[in-house]
Number of protein chains: 2
Amino acid sequence: MRVSEQSEDVFARLPAGSFDKDCPTRPLMAQVTGRWGALIIAALVPGPVRFSGLHRQIGGISQKMLSQYLKSLVRYGLVERLVEPTVPPQVTYRLTPLGRSLAEQLCALLGWFGANTAELEAARQRHDATDSPSR
Amino acid sequence: MRVSEQSEDVFARLPAGSFDKDCPTRPLMAQVTGRWGALIIAALVPGPVRFSGLHRQIGGISQKMLSQYLKSLVRYGLVERLVEPTVPPQVTYRLTPLGRSLAEQLCALLGWFGANTAELEAARQRHDATDSPSR
DNA sequence: CCGTATCCAACAAGATACTG
DNA sequence: CAGTATCTTGTTGGATACGG
């Protein structure tokens with residue numbers, strides 16, 4: 001495995017201003033990679049889901065946070081909000097094409113964490129044992 | 001492009017407990033997808049960098065945050081810390097193989113945001129114009 | 001040069017209660 | 001059912017100053 005080649009290749013794909021102090025992608029990243037963004041988007045991948053469905057599926061999220069993140073995702077065109085005028089009203093959320101394209105990246109990331117949890121945990125324990133009892 | 005097939009395929013790769021309230025990957029995700037995690041890792045892709053180099057390259061980060069994130073990344077075995085006993089001491093940081101494998105995912109994500117900034121901004125403006133002047 | 005310590009401001013997030 | 005409003009707390013992050 002040629003390290004230098006591969007590294008430069010991956011790095012080359014980075015947008016130019018990524019490290020700039022006021023790169024416009026920073027607030028976006030913050031929203032999407034915030035505590036719940038990736039999970040909400042991942043939960044929408046299989047298909048449209050109702051508010052209560054999301055609330056049930058995503059463990060530990062509050063109504064407030066769910067509502068807040070959804071609003072933001074709708075605002076950036078990643079999610080669509082569909083109201084059916086029944087009684088009581090039903091609201092479903094669905095990924096837009098743009099959102100689905102992002103979802104692929106995020107699911108890959110979630111998948112990576114899932115696949116490497118053991119190794120990460122092992123490293124942590126090794127580190128905590130040999131060195132400082134920090135945290 | 002077959003949408004339904006692809007969506008299910010991507011979703012299938014998600015680890016089982018991703019939505020669980022106390023999935024062990026959550027704190028990890030928080031660290032890596034925190035405000036600076038992705039940027040630091042991306043900055044390390046081309047090769048080892050010194051502390052001051054990172055501080056210069058990543059616009060807007062404070063010493064405190066850089067130090068804090070680096071410590072955490074070292075702890076999880078994503079980054080190595082190498083001290084050269086010169087005077088004054090030089091410390092360089094380098095991605096581990098595990099860290100490099102994560103870096104690929106993160107660079108892809110950063111790349112996605114870079115590539116779609118225009119579309120996201122357009123959606124936001126469209127939304128803000130037609131509807132509520134919220135934020 | 002490479003950090004750590006301290007203090008402080010800002011924001012994210014939870015709990016709870018309430019509305020259409 | 002699908003949220004909003006309000007209040008409170010915890011965490012994140014920046015500024016500054018200092019130490020090895």
# chains A, B, ... in the order shown; residues from 1 in each chain; ligands from 1
>>> residues_around(residues="DT11 (chain D)", least_positions_apart="6", cutoff="12 Å", atoms="only C-alpha atoms (C1' of nucleotides)", output="ChimeraX atom specification")
/B:30 /C:10-13
>>> write_last_selection(atoms="C-alpha atoms (C1' of nucleotides)", output="PDB file, in the first residue's frame")
ATOM      1  CA  ALA B  30     -19.420  13.561  19.020  1.00  0.00           C
TER       2      ALA B  30
ATOM      3  C1'  DA C  10     -22.501  31.536  24.244  1.00  0.00           C
ATOM      4  C1'  DC C  11     -25.036  27.954  22.880  1.00  0.00           C
ATOM      5  C1'  DA C  12     -26.887  23.312  22.771  1.00  0.00           C
ATOM      6  C1'  DA C  13     -29.880  20.545  24.878  1.00  0.00           C
TER       7       DA C  13
END
>>> residues_around(residues="DT6 (chain D)", least_positions_apart="6", cutoff="12 Å", atoms="only C-alpha atoms (C1' of nucleotides)", output="PyMOL selection string")
(chain A and resi 64) or (chain C and resi 15-18)
>>> closest_atom_pairs(of="chain D", to="chain A", cutoff="9 Å", atoms="only C-alpha atoms (C1' of nucleotides)", output="tab-separated table")
residue	atom	partner	partner_atom	distance
D:DC1	C1'	A:Pro88	CA	5.9
D:DA2	C1'	A:Phe51	CA	7.0
D:DG3	C1'	A:Ser67	CA	7.5
D:DT4	C1'	A:Lys64	CA	8.6
>>> select_by_dssp(residues="region 24-122 of chain A", states="alpha helix (DSSP H)", output="count of residues only")
62
>>> closest_residue(among="A:Ala115, A:Val83, A:Val49, A:Leu95", to="chain B", atoms="only C-alpha atoms")
A:Ala115
>>> interface_residues(of="chain A", to="chain B", cutoff="7 Å", atoms="only C-alpha atoms", output="PyMOL selection string")
chain A and resi 7-8+10-11+13-15+19-21+25+30+33+35+39+45-46+57-60+75-77+104-105+107+109-111+113-114+117+120-121+123-124+127
>>> atom_distance(atom1="CA of Tyr93 (chain B)", atom2="CA of Lys71 (chain B)")
10.5 Å
>>> residues_around(residues="DA5 (chain C)", least_positions_apart="4", cutoff="12 Å", atoms="only C-alpha atoms (C1' of nucleotides)", output="list of chain:residue names")
B:Lys64, D:DT16, D:DA17, D:DC18, D:DG19
>>> select_by_dssp(residues="region 36-128 of chain A", states="strand (DSSP E or B)", output="mmCIF file with N, CA and C atoms, in the first residue's frame")
data_model
loop_
_atom_site.group_PDB
_atom_site.id
_atom_site.type_symbol
_atom_site.label_atom_id
_atom_site.label_comp_id
_atom_site.auth_asym_id
_atom_site.auth_seq_id
_atom_site.Cartn_x
_atom_site.Cartn_y
_atom_site.Cartn_z
ATOM 1 N N VAL A 49 -41.008 9.125 6.931
ATOM 2 C CA VAL A 49 -41.336 8.782 8.312
ATOM 3 C C VAL A 49 -42.087 9.952 8.940
ATOM 4 N N ARG A 50 -42.988 9.617 9.835
ATOM 5 C CA ARG A 50 -43.728 10.658 10.543
ATOM 6 C C ARG A 50 -42.915 11.185 11.727
ATOM 7 N N VAL A 79 -34.444 17.870 3.342
ATOM 8 C CA VAL A 79 -35.612 17.104 3.772
ATOM 9 C C VAL A 79 -36.868 17.850 3.333
ATOM 10 N N GLU A 80 -37.890 17.086 2.982
ATOM 11 C CA GLU A 80 -39.178 17.666 2.617
ATOM 12 C C GLU A 80 -40.202 17.395 3.714
ATOM 13 N N ARG A 81 -41.055 18.353 3.941
ATOM 14 C CA ARG A 81 -42.102 18.216 4.953
ATOM 15 C C ARG A 81 -43.441 18.144 4.235
ATOM 16 N N LEU A 82 -44.179 17.066 4.481
ATOM 17 C CA LEU A 82 -45.429 16.836 3.774
ATOM 18 C C LEU A 82 -46.575 16.732 4.764
ATOM 19 N N VAL A 83 -47.540 17.635 4.654
ATOM 20 C CA VAL A 83 -48.673 17.655 5.571
ATOM 21 C C VAL A 83 -49.892 17.053 4.887
ATOM 22 N N GLU A 84 -50.479 16.059 5.524
ATOM 23 C CA GLU A 84 -51.734 15.510 5.002
ATOM 24 C C GLU A 84 -52.877 16.022 5.870
ATOM 25 N N GLN A 90 -51.484 14.635 9.852
ATOM 26 C CA GLN A 90 -50.306 13.777 9.792
ATOM 27 C C GLN A 90 -49.212 14.474 9.005
ATOM 28 N N VAL A 91 -48.017 14.498 9.549
ATOM 29 C CA VAL A 91 -46.884 15.123 8.884
ATOM 30 C C VAL A 91 -45.810 14.074 8.671
ATOM 31 N N THR A 92 -45.391 13.948 7.421
ATOM 32 C CA THR A 92 -44.302 13.015 7.141
ATOM 33 C C THR A 92 -43.101 13.784 6.608
ATOM 34 N N TYR A 93 -41.937 13.232 6.887
ATOM 35 C CA TYR A 93 -40.688 13.827 6.410
ATOM 36 C C TYR A 93 -40.024 12.854 5.455
ATOM 37 N N ARG A 94 -39.383 13.425 4.444
ATOM 38 C CA ARG A 94 -38.790 12.601 3.408
ATOM 39 C C ARG A 94 -37.516 13.260 2.901
ATOM 40 N N LEU A 95 -36.510 12.478 2.596
ATOM 41 C CA LEU A 95 -35.274 13.022 2.037
ATOM 42 C C LEU A 95 -35.505 13.525 0.620
#
>>> interface_residues(of="chain C", to="chain B", cutoff="12 Å", atoms="only C-alpha atoms (C1' of nucleotides)", output="list in words")
DC1, DC2, DG3, DT4, DA5 and DT6 of chain C
>>> write_last_selection(atoms="N, CA and C atoms (P, O5', C5', C4', C3', O3' and C1' of nucleotides)", output="compact mmCIF listing (two decimals), in the first residue's frame")
# COMPACT_ATOMS: atom_id res chain seq x y z
P DC C 1 7.38 29.02 17.69
O5' DC C 1 8.57 28.31 18.48
C5' DC C 1 9.09 27.06 18.00
C4' DC C 1 8.67 25.96 18.95
C3' DC C 1 7.21 25.52 18.79
O3' DC C 1 7.16 24.12 18.61
C1' DC C 1 7.69 25.97 21.08
P DC C 2 5.76 23.37 18.25
O5' DC C 2 5.20 23.01 19.70
C5' DC C 2 5.92 22.06 20.49
C4' DC C 2 5.19 21.83 21.80
C3' DC C 2 3.70 21.53 21.66
O3' DC C 2 3.35 20.44 22.51
C1' DC C 2 4.03 23.29 23.17
P DG C 3 1.99 19.62 22.26
O5' DG C 3 0.85 20.72 22.43
C5' DG C 3 -0.06 20.59 23.48
C4' DG C 3 0.51 21.20 24.76
C3' DG C 3 -0.51 21.39 25.85
O3' DG C 3 -0.59 20.21 26.62
C1' DG C 3 1.07 23.20 25.72
P DT C 4 -1.95 19.92 27.35
O5' DT C 4 -1.93 20.81 28.67
C5' DT C 4 -0.89 20.63 29.64
C4' DT C 4 -1.09 21.64 30.77
C3' DT C 4 -2.49 21.59 31.41
O3' DT C 4 -2.33 21.69 32.82
C1' DT C 4 -2.03 23.77 30.62
P DA C 5 -3.57 21.56 33.75
O5' DA C 5 -3.94 23.07 34.10
C5' DA C 5 -2.92 23.99 34.48
C4' DA C 5 -3.53 25.24 35.11
C3' DA C 5 -4.93 25.03 35.71
O3' DA C 5 -5.03 25.85 36.87
C1' DA C 5 -5.05 26.57 33.89
P DT C 6 -6.31 25.76 37.81
O5' DT C 6 -7.08 27.10 37.42
C5' DT C 6 -6.32 28.30 37.23
C4' DT C 6 -7.19 29.40 36.65
C3' DT C 6 -8.66 29.34 37.08
O3' DT C 6 -9.02 30.58 37.65
C1' DT C 6 -8.47 29.69 34.74
